[in-house]
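Trainee: One file: structure_38.cif (mmCIF, C-alpha atoms and all ligand atoms).
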```
data_my_file
#
loop_
_atom_site.group_PDB
_atom_site.id
_atom_site.type_symbol
_atom_site.label_atom_id
_atom_site.label_comp_id
_atom_site.auth_asym_id
_atom_site.auth_seq_id
_atom_site.Cartn_x
_atom_site.Cartn_y
_atom_site.Cartn_z
ATOM 1 C CA MET A 194 -21.351 2.531 9.691
ATOM 2 C CA SER A 195 -18.278 0.964 11.158
ATOM 3 C CA THR A 196 -18.241 -2.738 10.639
ATOM 4 C CA VAL A 197 -17.676 -3.547 14.305
ATOM 5 C CA GLN A 198 -20.534 -2.068 16.272
ATOM 6 C CA GLY A 199 -19.622 0.179 19.118
ATOM 7 C CA ARG A 200 -15.913 0.484 18.309
ATOM 8 C CA LEU A 201 -13.851 2.862 16.213
ATOM 9 C CA ARG A 202 -11.105 1.556 14.006
ATOM 10 C CA ILE A 203 -7.789 3.145 13.122
ATOM 11 C CA ALA A 204 -5.746 1.636 10.284
ATOM 12 C CA VAL A 205 -1.972 1.667 10.760
ATOM 13 C CA GLN A 206 0.903 0.036 8.919
ATOM 14 C CA LYS A 207 1.675 -3.313 10.501
ATOM 15 C CA SER A 208 5.421 -3.196 9.970
ATOM 16 C CA GLY A 209 7.641 -0.942 7.947
ATOM 17 C CA ARG A 210 8.781 2.636 7.879
ATOM 18 C CA LEU A 211 5.581 4.161 9.277
ATOM 19 C CA ALA A 212 4.689 1.487 11.831
ATOM 20 C CA ASP A 213 6.547 2.725 14.928
ATOM 21 C CA ARG A 214 5.772 6.408 14.514
ATOM 22 C CA SER A 215 2.102 5.635 13.852
ATOM 23 C CA LEU A 216 1.866 3.663 17.070
ATOM 24 C CA ASP A 217 3.699 6.449 18.948
ATOM 25 C CA LEU A 218 1.160 8.990 17.718
ATOM 26 C CA VAL A 219 -1.744 6.835 18.847
ATOM 27 C CA ARG A 220 -0.142 6.358 22.258
ATOM 28 C CA ASP A 221 0.788 10.030 22.641
ATOM 29 C CA ALA A 222 -2.885 10.820 22.012
ATOM 30 C CA GLY A 223 -3.615 8.935 25.221
ATOM 31 C CA LEU A 224 -4.835 5.655 23.753
ATOM 32 C CA ARG A 225 -3.506 2.671 25.718
ATOM 33 C CA VAL A 226 -2.767 0.075 23.085
ATOM 34 C CA VAL A 227 -2.663 -3.576 24.108
ATOM 35 C CA LYS A 228 -1.611 -6.364 21.800
ATOM 36 C CA GLY A 229 -4.410 -8.834 21.358
ATOM 37 C CA ASN A 230 -4.002 -12.509 20.590
ATOM 38 C CA ASN A 231 -4.658 -11.462 17.026
ATOM 39 C CA ASP A 232 -1.754 -9.842 15.183
ATOM 40 C CA LEU A 233 -4.092 -7.966 12.851
ATOM 41 C CA LEU A 234 -5.963 -6.163 15.606
ATOM 42 C CA TYR A 235 -4.636 -4.313 18.636
ATOM 43 C CA ARG A 236 -7.158 -3.116 21.209
ATOM 44 C CA VAL A 237 -7.230 0.201 22.993
ATOM 45 C CA GLU A 238 -8.068 -0.610 26.585
ATOM 46 C CA ASN A 239 -9.257 2.788 27.768
ATOM 47 C CA TYR A 240 -11.580 3.598 24.822
ATOM 48 C CA PRO A 241 -13.755 1.568 22.426
ATOM 49 C CA ILE A 242 -11.131 1.709 19.669
ATOM 50 C CA ASP A 243 -9.240 -0.974 17.751
ATOM 51 C CA LEU A 244 -6.112 -0.608 15.649
ATOM 52 C CA LEU A 245 -6.218 -2.521 12.410
ATOM 53 C CA ARG A 246 -2.640 -3.394 11.443
ATOM 54 C CA VAL A 247 -2.316 -3.875 7.706
ATOM 55 C CA ARG A 248 -0.079 -3.246 4.698
ATOM 56 C CA ASP A 249 0.099 0.458 3.987
ATOM 57 C CA ASP A 250 -1.284 -0.076 0.478
ATOM 58 C CA ASP A 251 -4.581 -1.281 1.951
ATOM 59 C CA ILE A 252 -5.074 1.709 4.246
ATOM 60 C CA PRO A 253 -6.587 4.215 1.746
ATOM 61 C CA THR A 254 -9.228 1.736 0.617
ATOM 62 C CA PHE A 255 -10.123 0.635 4.131
ATOM 63 C CA VAL A 256 -10.655 4.235 5.176
ATOM 64 C CA ALA A 257 -12.435 5.274 1.959
ATOM 65 C CA ASP A 258 -14.863 2.347 2.321
ATOM 66 C CA GLY A 259 -15.551 2.987 6.007
ATOM 67 C CA VAL A 260 -13.985 -0.281 7.154
ATOM 68 C CA CYS A 261 -11.784 1.999 9.276
ATOM 69 C CA ASP A 262 -12.685 5.444 10.572
ATOM 70 C CA LEU A 263 -9.146 6.842 10.565
ATOM 71 C CA GLY A 264 -5.848 5.820 9.012
ATOM 72 C CA ILE A 265 -2.204 6.818 8.955
ATOM 73 C CA VAL A 266 -0.542 6.502 5.562
ATOM 74 C CA GLY A 267 2.000 8.139 3.249
ATOM 75 C CA GLU A 268 0.681 10.717 0.788
ATOM 76 C CA ASN A 269 2.413 8.749 -1.950
ATOM 77 C CA VAL A 270 0.307 5.672 -1.193
ATOM 78 C CA LEU A 271 -2.850 7.756 -0.782
ATOM 79 C CA GLU A 272 -2.340 9.488 -4.137
ATOM 80 C CA GLU A 273 -1.595 6.183 -5.827
ATOM 81 C CA ALA A 274 -4.907 4.796 -4.533
ATOM 82 C CA ARG A 275 -6.967 7.504 -6.263
ATOM 83 C CA ASN A 276 -9.336 5.653 -8.536
ATOM 84 C CA GLY A 277 -12.344 7.890 -9.030
ATOM 85 C CA GLY A 278 -14.228 6.162 -6.196
ATOM 86 C CA PRO A 279 -14.965 7.495 -2.716
ATOM 87 C CA ARG A 280 -11.904 9.088 -1.153
ATOM 88 C CA ALA A 281 -10.543 9.314 2.324
ATOM 89 C CA GLU A 282 -10.263 12.891 3.521
ATOM 90 C CA VAL A 283 -6.838 14.170 4.599
ATOM 91 C CA VAL A 284 -7.145 15.575 8.118
ATOM 92 C CA MET A 285 -3.552 16.761 8.547
ATOM 93 C CA PRO A 286 0.075 16.077 7.735
ATOM 94 C CA LEU A 287 1.888 14.318 10.567
ATOM 95 C CA GLY A 288 5.471 15.458 10.057
ATOM 96 C CA PHE A 289 7.110 12.024 9.699
ATOM 97 C CA GLY A 290 7.705 9.500 6.891
ATOM 98 C CA ARG A 291 9.026 12.214 4.619
ATOM 99 C CA CYS A 292 10.240 11.109 1.214
ATOM 100 C CA THR A 293 10.198 12.299 -2.369
ATOM 101 C CA LEU A 294 8.976 10.559 -5.485
ATOM 102 C CA LYS A 295 11.504 11.465 -8.142
ATOM 103 C CA ILE A 296 12.385 10.833 -11.720
ATOM 104 C CA ALA A 297 15.857 9.316 -11.923
ATOM 105 C CA ALA A 298 17.937 8.114 -14.824
ATOM 106 C CA PRO A 299 21.420 6.942 -15.793
ATOM 107 C CA PRO A 300 23.803 9.667 -16.983
ATOM 108 C CA THR A 301 23.447 8.340 -20.536
ATOM 109 C CA LEU A 302 19.997 9.913 -20.637
ATOM 110 C CA ALA A 303 20.429 13.624 -21.292
ATOM 111 C CA TYR A 304 17.662 14.820 -19.008
ATOM 112 C CA ASP A 305 16.449 18.333 -19.564
ATOM 113 C CA GLY A 306 12.966 18.378 -18.033
ATOM 114 C CA PRO A 307 9.891 16.155 -18.420
ATOM 115 C CA ALA A 308 9.911 16.460 -22.235
ATOM 116 C CA SER A 309 13.091 14.352 -22.249
ATOM 117 C CA LEU A 310 10.908 11.402 -21.213
ATOM 118 C CA GLU A 311 8.769 11.555 -24.382
ATOM 119 C CA GLY A 312 8.454 8.117 -25.978
ATOM 120 C CA LEU A 313 10.570 6.407 -23.317
ATOM 121 C CA ARG A 314 9.779 3.613 -20.891
ATOM 122 C CA ILE A 315 9.720 4.522 -17.197
ATOM 123 C CA ALA A 316 9.662 1.944 -14.409
ATOM 124 C CA THR A 317 7.787 2.758 -11.181
ATOM 125 C CA SER A 318 5.712 1.386 -8.316
ATOM 126 C CA TYR A 319 3.496 4.476 -8.607
ATOM 127 C CA PRO A 320 1.901 4.238 -12.076
ATOM 128 C CA THR A 321 -1.171 6.349 -11.194
ATOM 129 C CA VAL A 322 0.808 9.245 -9.741
ATOM 130 C CA LEU A 323 3.361 9.120 -12.556
ATOM 131 C CA ARG A 324 0.687 8.967 -15.259
ATOM 132 C CA ARG A 325 -1.033 12.043 -13.855
ATOM 133 C CA TRP A 326 2.266 13.921 -13.648
ATOM 134 C CA LEU A 327 3.162 13.034 -17.243
ATOM 135 C CA ASP A 328 -0.339 13.894 -18.516
ATOM 136 C CA GLU A 329 -0.230 17.295 -16.835
ATOM 137 C CA ARG A 330 2.961 17.960 -18.786
ATOM 138 C CA ASN A 331 1.697 16.492 -22.060
ATOM 139 C CA VAL A 332 4.399 13.860 -22.087
ATOM 140 C CA ARG A 333 3.583 10.528 -23.672
ATOM 141 C CA ALA A 334 5.660 7.743 -22.190
ATOM 142 C CA GLU A 335 5.213 4.074 -21.452
ATOM 143 C CA ILE A 336 4.962 3.112 -17.784
ATOM 144 C CA VAL A 337 6.291 -0.232 -16.565
ATOM 145 C CA THR A 338 4.855 -1.082 -13.157
ATOM 146 C CA MET A 339 7.218 -2.870 -10.803
ATOM 147 C CA ARG A 340 6.435 -3.856 -7.214
ATOM 148 C CA GLY A 341 9.989 -3.390 -6.008
ATOM 149 C CA ALA A 342 13.628 -3.145 -7.134
ATOM 150 C CA VAL A 343 12.646 -0.338 -9.483
ATOM 151 C CA GLU A 344 16.186 1.042 -9.353
ATOM 152 C CA VAL A 345 17.603 -1.925 -11.255
ATOM 153 C CA ALA A 346 15.240 -1.453 -14.233
ATOM 154 C CA PRO A 347 17.612 0.742 -16.288
ATOM 155 C CA ARG A 348 20.487 -1.720 -15.865
ATOM 156 C CA LEU A 349 18.245 -4.559 -16.997
ATOM 157 C CA ARG A 350 17.167 -2.394 -19.950
ATOM 158 C CA LEU A 351 13.585 -2.673 -18.754
ATOM 159 C CA ALA A 352 13.269 1.085 -18.774
ATOM 160 C CA ALA A 353 15.241 4.205 -19.693
ATOM 161 C CA ALA A 354 14.301 6.023 -16.489
ATOM 162 C CA ILE A 355 12.575 5.349 -13.202
ATOM 163 C CA CYS A 356 10.195 7.147 -10.877
ATOM 164 C CA ASP A 357 10.884 6.066 -7.311
ATOM 165 C CA LEU A 358 10.910 7.150 -3.675
ATOM 166 C CA VAL A 359 14.085 8.831 -2.562
ATOM 167 C CA SER A 360 15.086 9.937 0.892
ATOM 168 C CA THR A 361 18.889 10.167 0.980
ATOM 169 C CA GLY A 362 19.665 9.321 -2.625
ATOM 170 C CA ALA A 363 22.123 6.577 -1.599
ATOM 171 C CA THR A 364 20.168 3.833 -3.386
ATOM 172 C CA LEU A 365 20.059 5.845 -6.596
ATOM 173 C CA GLU A 366 23.761 6.534 -6.440
ATOM 174 C CA ALA A 367 24.568 2.879 -5.746
ATOM 175 C CA ASN A 368 22.696 2.028 -8.924
ATOM 176 C CA GLY A 369 24.370 4.683 -11.047
ATOM 177 C CA LEU A 370 21.256 6.834 -11.298
ATOM 178 C CA GLY A 371 20.951 10.578 -10.899
ATOM 179 C CA PRO A 372 17.900 12.352 -9.443
ATOM 180 C CA HIS A 373 15.920 14.708 -11.689
ATOM 181 C CA ASP A 374 12.420 16.200 -11.342
ATOM 182 C CA THR A 375 10.307 15.753 -8.219
ATOM 183 C CA VAL A 376 6.962 14.112 -8.920
ATOM 184 C CA LEU A 377 5.617 14.251 -5.356
ATOM 185 C CA ASP A 378 6.816 15.403 -1.943
ATOM 186 C CA SER A 379 5.324 13.060 0.608
ATOM 187 C CA GLN A 380 4.908 12.590 4.339
ATOM 188 C CA ALA A 381 2.574 10.565 6.520
ATOM 189 C CA VAL A 382 -0.943 11.984 6.830
ATOM 190 C CA LEU A 383 -3.942 11.274 9.032
ATOM 191 C CA ILE A 384 -6.922 10.336 6.890
ATOM 192 C CA ARG A 385 -10.576 10.141 7.851
ATOM 193 C CA SER A 386 -13.389 8.118 6.336
ATOM 194 C CA PRO A 387 -16.104 9.847 4.297
ATOM 195 C CA VAL A 388 -18.453 7.222 5.785
ATOM 196 C CA ALA A 389 -19.899 8.593 9.036
ATOM 197 C CA ALA A 390 -19.119 6.674 12.214
ATOM 198 C CA GLU A 391 -22.074 5.566 14.291
ATOM 199 C CA PRO A 392 -23.521 8.558 16.167
ATOM 200 C CA SER A 393 -22.517 7.337 19.626
ATOM 201 C CA LEU A 394 -18.859 7.191 18.519
ATOM 202 C CA ARG A 395 -18.629 10.557 16.772
ATOM 203 C CA PRO A 396 -17.569 12.582 19.820
ATOM 204 C CA LEU A 397 -14.793 10.052 20.513
ATOM 205 C CA LEU A 398 -13.659 10.216 16.883
ATOM 206 C CA ASP A 399 -13.496 14.015 17.031
ATOM 207 C CA SER A 400 -11.587 13.903 20.267
ATOM 208 C CA VAL A 401 -9.016 11.455 18.873
ATOM 209 C CA VAL A 402 -8.497 13.765 15.878
ATOM 210 C CA ASP A 403 -8.132 16.821 18.158
ATOM 211 C CA ARG A 404 -5.666 15.057 20.403
ATOM 212 C CA MET A 405 -3.573 13.903 17.470
ATOM 213 C CA ALA A 406 -3.546 17.476 16.166
ATOM 214 C CA GLY A 407 -2.319 18.544 19.608
ATOM 215 C CA VAL A 408 0.437 15.945 19.585
ATOM 216 C CA VAL A 409 1.595 16.974 16.110
ATOM 217 C CA SER A 410 1.626 20.697 16.856
ATOM 218 C CA SER A 411 3.464 20.272 20.140
ATOM 219 C CA GLN A 412 6.188 18.206 18.464
ATOM 220 C CA GLY A 413 9.327 20.286 18.393
ATOM 221 C CA ALA A 414 7.510 23.179 20.041
ATOM 222 C CA LYS A 415 9.175 24.806 23.043
ATOM 223 C CA TYR A 416 8.083 27.180 25.767
ATOM 224 C CA VAL A 417 10.569 30.031 26.038
ATOM 225 C CA MET A 418 10.803 32.371 29.034
ATOM 226 C CA LEU A 419 13.193 35.285 29.266
ATOM 227 C CA ASN A 420 13.692 38.730 30.694
ATOM 228 C CA ALA A 421 14.174 41.639 28.324
ATOM 229 C CA PRO A 422 14.690 45.369 28.424
ATOM 230 C CA ARG A 423 11.435 47.055 27.303
ATOM 231 C CA SER A 424 13.368 48.857 24.605
ATOM 232 C CA ALA A 425 14.491 45.564 23.013
ATOM 233 C CA LEU A 426 11.067 43.901 23.027
ATOM 234 C CA ASP A 427 10.394 44.182 19.288
ATOM 235 C CA ARG A 428 13.815 42.909 18.335
ATOM 236 C CA ILE A 429 13.574 39.965 20.731
ATOM 237 C CA THR A 430 10.077 39.010 19.580
ATOM 238 C CA ALA A 431 11.319 38.954 15.997
ATOM 239 C CA ILE A 432 14.097 36.506 16.906
ATOM 240 C CA LEU A 433 11.817 33.977 18.676
ATOM 241 C CA PRO A 434 11.218 31.269 16.046
ATOM 242 C CA GLY A 435 7.601 30.660 15.079
ATOM 243 C CA ALA A 436 6.147 32.478 18.094
ATOM 244 C CA GLY A 437 2.799 34.241 17.737
ATOM 245 C CA SER A 438 2.274 37.162 20.068
ATOM 246 C CA PRO A 439 4.253 36.446 23.223
ATOM 247 C CA THR A 440 2.950 37.173 26.701
ATOM 248 C CA VAL A 441 4.689 40.214 28.201
ATOM 249 C CA MET A 442 4.603 40.663 31.977
ATOM 250 C CA PRO A 443 5.988 43.301 34.309
ATOM 251 C CA LEU A 444 8.940 42.431 36.531
ATOM 252 C CA SER A 445 8.440 43.590 40.083
ATOM 253 C CA GLY A 446 10.561 46.564 40.976
ATOM 254 C CA ARG A 447 11.834 47.028 37.398
ATOM 255 C CA ASP A 448 10.224 49.549 35.081
ATOM 256 C CA ASP A 449 12.771 49.147 32.326
ATOM 257 C CA ALA A 450 12.477 45.365 31.924
ATOM 258 C CA VAL A 451 9.752 42.767 31.306
ATOM 259 C CA ALA A 452 9.349 38.987 31.335
ATOM 260 C CA VAL A 453 8.497 37.434 27.951
ATOM 261 C CA HIS A 454 6.840 34.026 27.602
ATOM 262 C CA ALA A 455 6.287 32.481 24.187
ATOM 263 C CA VAL A 456 5.445 29.158 22.554
ATOM 264 C CA CYS A 457 7.912 28.626 19.727
ATOM 265 C CA GLN A 458 6.620 26.316 17.013
ATOM 266 C CA GLU A 459 10.048 25.745 15.557
ATOM 267 C CA ALA A 460 13.238 24.326 16.994
ATOM 268 C CA VAL A 461 15.094 26.658 19.329
ATOM 269 C CA PHE A 462 18.810 26.292 18.665
ATOM 270 C CA TRP A 463 21.811 27.545 20.620
ATOM 271 C CA GLU A 464 22.280 30.134 17.877
ATOM 272 C CA THR A 465 18.818 31.499 18.646
ATOM 273 C CA LEU A 466 19.698 31.807 22.326
ATOM 274 C CA GLU A 467 22.905 33.606 21.444
ATOM 275 C CA LYS A 468 21.011 36.063 19.266
ATOM 276 C CA LEU A 469 18.461 36.639 22.028
ATOM 277 C CA LYS A 470 21.248 37.344 24.475
ATOM 278 C CA ALA A 471 22.977 39.682 22.085
ATOM 279 C CA ALA A 472 19.667 41.553 21.723
ATOM 280 C CA GLY A 473 19.579 42.083 25.482
ATOM 281 C CA ALA A 474 17.652 39.083 26.793
ATOM 282 C CA SER A 475 18.696 37.458 30.071
ATOM 283 C CA ALA A 476 17.583 34.508 32.221
ATOM 284 C CA ILE A 477 16.520 32.592 29.112
ATOM 285 C CA LEU A 478 14.762 29.282 29.772
ATOM 286 C CA VAL A 479 13.671 26.814 27.085
ATOM 287 C CA LEU A 480 11.187 24.171 28.249
ATOM 288 C CA PRO A 481 9.689 21.184 26.465
ATOM 289 C CA ILE A 482 5.930 21.151 25.962
ATOM 290 C CA GLU A 483 4.203 17.912 26.798
ATOM 291 C CA LYS A 484 0.691 18.580 25.581
ATOM 292 C CA MET A 485 -0.942 21.348 23.594
ATOM 293 C CA MET A 486 -4.527 21.886 22.490
HETATM 294 P P1 LIG B 1 3.982 -2.610 3.371
HETATM 295 O O1 LIG B 1 4.461 -3.968 3.748
HETATM 296 O O2 LIG B 1 3.156 -1.993 4.467
HETATM 297 O O3 LIG B 1 3.331 -2.534 2.038
HETATM 298 P P2 LIG B 1 6.076 -1.053 2.110
HETATM 299 O O4 LIG B 1 7.242 -1.893 1.804
HETATM 300 O O5 LIG B 1 5.150 -0.646 1.028
HETATM 301 O O6 LIG B 1 5.294 -1.693 3.342
HETATM 302 P P3 LIG B 1 7.732 0.872 3.597
HETATM 303 O O7 LIG B 1 9.051 0.684 2.926
HETATM 304 O O8 LIG B 1 7.576 0.448 5.001
HETATM 305 O O9 LIG B 1 6.519 0.338 2.717
HETATM 306 O O10 LIG B 1 7.390 2.432 3.482
HETATM 307 C C1 LIG B 1 6.168 2.921 3.940
HETATM 308 C C2 LIG B 1 6.073 4.379 3.588
HETATM 309 O O11 LIG B 1 7.117 5.090 4.242
HETATM 310 C C3 LIG B 1 6.237 4.756 2.143
HETATM 311 O O12 LIG B 1 5.064 4.533 1.388
HETATM 312 C C4 LIG B 1 6.568 6.231 2.256
HETATM 313 O O13 LIG B 1 5.379 6.978 2.449
HETATM 314 C C5 LIG B 1 7.372 6.298 3.529
HETATM 315 N N1 LIG B 1 8.829 6.472 3.329
HETATM 316 C C6 LIG B 1 9.623 7.324 4.009
HETATM 317 N N2 LIG B 1 10.888 7.268 3.604
HETATM 318 C C7 LIG B 1 10.950 6.377 2.615
HETATM 319 C C8 LIG B 1 12.006 5.860 1.786
HETATM 320 N N3 LIG B 1 13.262 6.291 1.874
HETATM 321 N N4 LIG B 1 11.702 4.919 0.904
HETATM 322 C C9 LIG B 1 10.454 4.446 0.818
HETATM 323 N N5 LIG B 1 9.429 4.898 1.580
HETATM 324 C C10 LIG B 1 9.646 5.852 2.456
HETATM 325 ZN ZN ZN B 2 3.285 -0.971 0.754
#
```
Please rewrite the model in this file as structure tokens.
Ligand code: ATP
Ligand code: ZN
Mentor:
Amino acid sequence: MSTVQGRLRIAVQKSGRLADRSLDLVRDAGLRVVKGNNDLLYRVENYPIDLLRVRDDDIPTFVADGVCDLGIVGENVLEEARNGGPRAEVVMPLGFGRCTLKIAAPPTLAYDGPASLEGLRIATSYPTVLRRWLDERNVRAEIVTMRGAVEVAPRLRLAAAICDLVSTGATLEANGLGPHDTVLDSQAVLIRSPVAAEPSLRPLLDSVVDRMAGVVSSQGAKYVMLNAPRSALDRITAILPGAGSPTVMPLSGRDDAVAVHAVCQEAVFWETLEKLKAAGASAILVLPIEKMM
């Protein structure tokens, strides 16, 4: 049971790299968030839902224990929280907060795969994930857990290598480290509690999940309309990025041409339009999609 009777709870990062996008997702799902007088809890005014704003590291536990019904957190943090206890269920990836957990080392370490780490010390903020990765590769190494500033560990001779989050690689480079193997590719995910919400709230919970799925799948999706010669239909359909089966409609007074409407799940670039035109398409329109279900 949820701890607060009659209200659902969604755990989001209070401040940091996931905070804004998490709040956007909640809002795009139609939940009107109002700041309360309490910084920890935001209320949703049009549904019985509260947002619990916490450190991202606390989100997996809150959701696993049923303190929150849903949560938005990085896969890296979720994987690190695995402890053999009850686990939050991943509902879906959300397409933001992408980063990579990588092994990195100074050039003095001749790195030639995980075996090069045998017997060495590796500094990381993700000891659980790293340990599993090393075990799966039969590498015995010592792990030094650091809360932050992992990238300075080699310079301080605390460790021979590190395992840290990388997005652009600029921090590694600034510290004279080179990236090697990828330990985990991560993005933000929606997680759901294994503890059932109270029965009266279950339909609302399902609807929030469905709406968020709609928001995520409509992100970047476009509605494309064009006219095409019948003879070029196959070629044009093949060019439309990430479209399922498009709708094909007759054009009045034209037997040789049709109108094609399609939802494209991937970005539609100018290059795509140029290819469509070259294949015979005309009157091409690309429209944003606001909602999708
Ligand atoms: P908190 O105060 O909530 O504990 P934090 O300092 O642990 O915050 P942030 O730096 O805000 O965390 O990062 C939150 C999450 O954003 C990371 O766990 C990761 O999933 C994701 N992320 C995306 N890009 C990066 C990056 N370049 N470096 C670190 N994390 C990133
Ligand atoms: Zn954190």
Trainee: Fewer than 3 positions away in the same chain doesn't count, so skip those; otherwise give me all residues within 10 Å of A:Arg210, counting all atoms listed in the file, as number ranges by chain.
Mentor: A: 206-207, 213-215, 249, 267, 289-290
Trainee: Take the residues from that selection and put them in a file with C-alpha atoms, as a PDB file, in the frame of the given file.
Mentor:
```pdb
ATOM      1  CA  GLN A 206       0.903   0.036   8.919  1.00  0.00           C
ATOM      2  CA  LYS A 207       1.675  -3.313  10.501  1.00  0.00           C
ATOM      3  CA  ASP A 213       6.547   2.725  14.928  1.00  0.00           C
ATOM      4  CA  ARG A 214       5.772   6.408  14.514  1.00  0.00           C
ATOM      5  CA  SER A 215       2.102   5.635  13.852  1.00  0.00           C
ATOM      6  CA  ASP A 249       0.099   0.458   3.987  1.00  0.00           C
ATOM      7  CA  GLY A 267       2.000   8.139   3.249  1.00  0.00           C
ATOM      8  CA  PHE A 289       7.110  12.024   9.699  1.00  0.00           C
ATOM      9  CA  GLY A 290       7.705   9.500   6.891  1.00  0.00           C
TER      10      GLY A 290
END
```
Trainee: Measuring atom to atom with all atoms listed in the file, identify which of A:Ala436, A:Ala274, A:Val226, A:Val388 is nearest to ligand ZN 2 (chain B).
Mentor: A:Ala274
Trainee: Using all atoms listed in the file, find each residue of chain A with at least one atom at most 6 Å away from an atom of ligand LIG 1 (chain B); report its shortest atom-to-atom pair and that distance in Å (one decimal), sort the rows by chain and rising residue number, and return the result as JSON lines.
Mentor:
```
{"residue": "A:Gln206", "atom": "CA", "partner": "B:LIG1", "partner_atom": "O2", "distance": 5.4}
{"residue": "A:Gly209", "atom": "CA", "partner": "B:LIG1", "partner_atom": "O8", "distance": 3.3}
{"residue": "A:Arg210", "atom": "CA", "partner": "B:LIG1", "partner_atom": "O8", "distance": 3.8}
{"residue": "A:Leu211", "atom": "CA", "partner": "B:LIG1", "partner_atom": "O11", "distance": 5.3}
{"residue": "A:Arg248", "atom": "CA", "partner": "B:LIG1", "partner_atom": "O2", "distance": 3.5}
{"residue": "A:Asp249", "atom": "CA", "partner": "B:LIG1", "partner_atom": "O2", "distance": 3.9}
{"residue": "A:Asp250", "atom": "CA", "partner": "B:LIG1", "partner_atom": "O3", "distance": 5.5}
{"residue": "A:Gly267", "atom": "CA", "partner": "B:LIG1", "partner_atom": "O13", "distance": 3.7}
{"residue": "A:Asn269", "atom": "CA", "partner": "B:LIG1", "partner_atom": "O13", "distance": 5.6}
{"residue": "A:Val270", "atom": "CA", "partner": "B:LIG1", "partner_atom": "O12", "distance": 5.5}
{"residue": "A:Gly290", "atom": "CA", "partner": "B:LIG1", "partner_atom": "C6", "distance": 4.1}
{"residue": "A:Arg291", "atom": "CA", "partner": "B:LIG1", "partner_atom": "C6", "distance": 5.0}
{"residue": "A:Cys292", "atom": "CA", "partner": "B:LIG1", "partner_atom": "N2", "distance": 4.6}
{"residue": "A:Leu358", "atom": "CA", "partner": "B:LIG1", "partner_atom": "N4", "distance": 5.2}
{"residue": "A:Val359", "atom": "CA", "partner": "B:LIG1", "partner_atom": "N3", "distance": 5.2}
{"residue": "A:Ser360", "atom": "CA", "partner": "B:LIG1", "partner_atom": "N3", "distance": 4.2}
{"residue": "A:Gln380", "atom": "CA", "partner": "B:LIG1", "partner_atom": "O13", "distance": 5.9}
```
Trainee: If the PyMOL selection byres (((chain A and resi 441) around 7) and not hetatm) is run on the structure shown, which residues does it catch, given as a PyMOL selection string?
Mentor: chain A and resi 439-440+442-443+451-454
Trainee: Measuring between all atoms listed in the file, which one of A:Val401, A:Leu294, A:Ala389, A:Ile242 shows the shortest distance to A:Gly362?
Mentor: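 The answer is A:Leu294, which sits nearest to A:Gly362.
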Trainee: Write out as a Markdown table a residue-level contact list of stretch 344-435 of chain A versus stretch 473-478 of chain A with cut-off 6 Å: for each qualifying residue the closest pair of atoms and the distance in Å to one decimal, counting only C-alpha atoms, rows sorted by chain and residue number upward.
Mentor:
```
| residue | atom | partner | partner_atom | distance |
| --- | --- | --- | --- | --- |
| A:Val417 | CA | A:Leu478 | CA | 5.7 |
| A:Met418 | CA | A:Leu478 | CA | 5.1 |
| A:Leu419 | CA | A:Ile477 | CA | 4.3 |
| A:Asn420 | CA | A:Ser475 | CA | 5.2 |
| A:Ala421 | CA | A:Ala474 | CA | 4.6 |
```
Trainee: Can you work out the spacing between atom CA of A:Ser438 and atom CA of A:Leu287 in Å, to one decimal?
Mentor: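 Computed distance, atom CA of A:Ser438 to atom CA of A:Leu287, equals 24.7 Å.
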Trainee: Just how far from atom CA of A:Ile265 is atom CA of A:Asp403, in Å to one decimal?
Mentor: 14.8 Å
Trainee: As a check of understanding, name the residues that the PyMOL selection byres (((chain A and resi 472) around 12) and not hetatm) selects in the supplied structure, as a PDB file with C-alpha atoms, in the frame of the given file.
Mentor:
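Written out: result_27.pdb:
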```
ATOM      1  CA  LEU A 419      13.193  35.285  29.266  1.00  0.00           C
ATOM      2  CA  ASN A 420      13.692  38.730  30.694  1.00  0.00           C
ATOM      3  CA  ALA A 421      14.174  41.639  28.324  1.00  0.00           C
ATOM      4  CA  PRO A 422      14.690  45.369  28.424  1.00  0.00           C
ATOM      5  CA  ARG A 423      11.435  47.055  27.303  1.00  0.00           C
ATOM      6  CA  SER A 424      13.368  48.857  24.605  1.00  0.00           C
ATOM      7  CA  ALA A 425      14.491  45.564  23.013  1.00  0.00           C
ATOM      8  CA  LEU A 426      11.067  43.901  23.027  1.00  0.00           C
ATOM      9  CA  ASP A 427      10.394  44.182  19.288  1.00  0.00           C
ATOM     10  CA  ARG A 428      13.815  42.909  18.335  1.00  0.00           C
ATOM     11  CA  ILE A 429      13.574  39.965  20.731  1.00  0.00           C
ATOM     12  CA  THR A 430      10.077  39.010  19.580  1.00  0.00           C
ATOM     13  CA  ALA A 431      11.319  38.954  15.997  1.00  0.00           C
ATOM     14  CA  ILE A 432      14.097  36.506  16.906  1.00  0.00           C
ATOM     15  CA  LEU A 433      11.817  33.977  18.676  1.00  0.00           C
ATOM     16  CA  THR A 465      18.818  31.499  18.646  1.00  0.00           C
ATOM     17  CA  LEU A 466      19.698  31.807  22.326  1.00  0.00           C
ATOM     18  CA  GLU A 467      22.905  33.606  21.444  1.00  0.00           C
ATOM     19  CA  LYS A 468      21.011  36.063  19.266  1.00  0.00           C
ATOM     20  CA  LEU A 469      18.461  36.639  22.028  1.00  0.00           C
ATOM     21  CA  LYS A 470      21.248  37.344  24.475  1.00  0.00           C
ATOM     22  CA  ALA A 471      22.977  39.682  22.085  1.00  0.00           C
ATOM     23  CA  GLY A 473      19.579  42.083  25.482  1.00  0.00           C
ATOM     24  CA  ALA A 474      17.652  39.083  26.793  1.00  0.00           C
ATOM     25  CA  SER A 475      18.696  37.458  30.071  1.00  0.00           C
TER      26      SER A 475
END
```
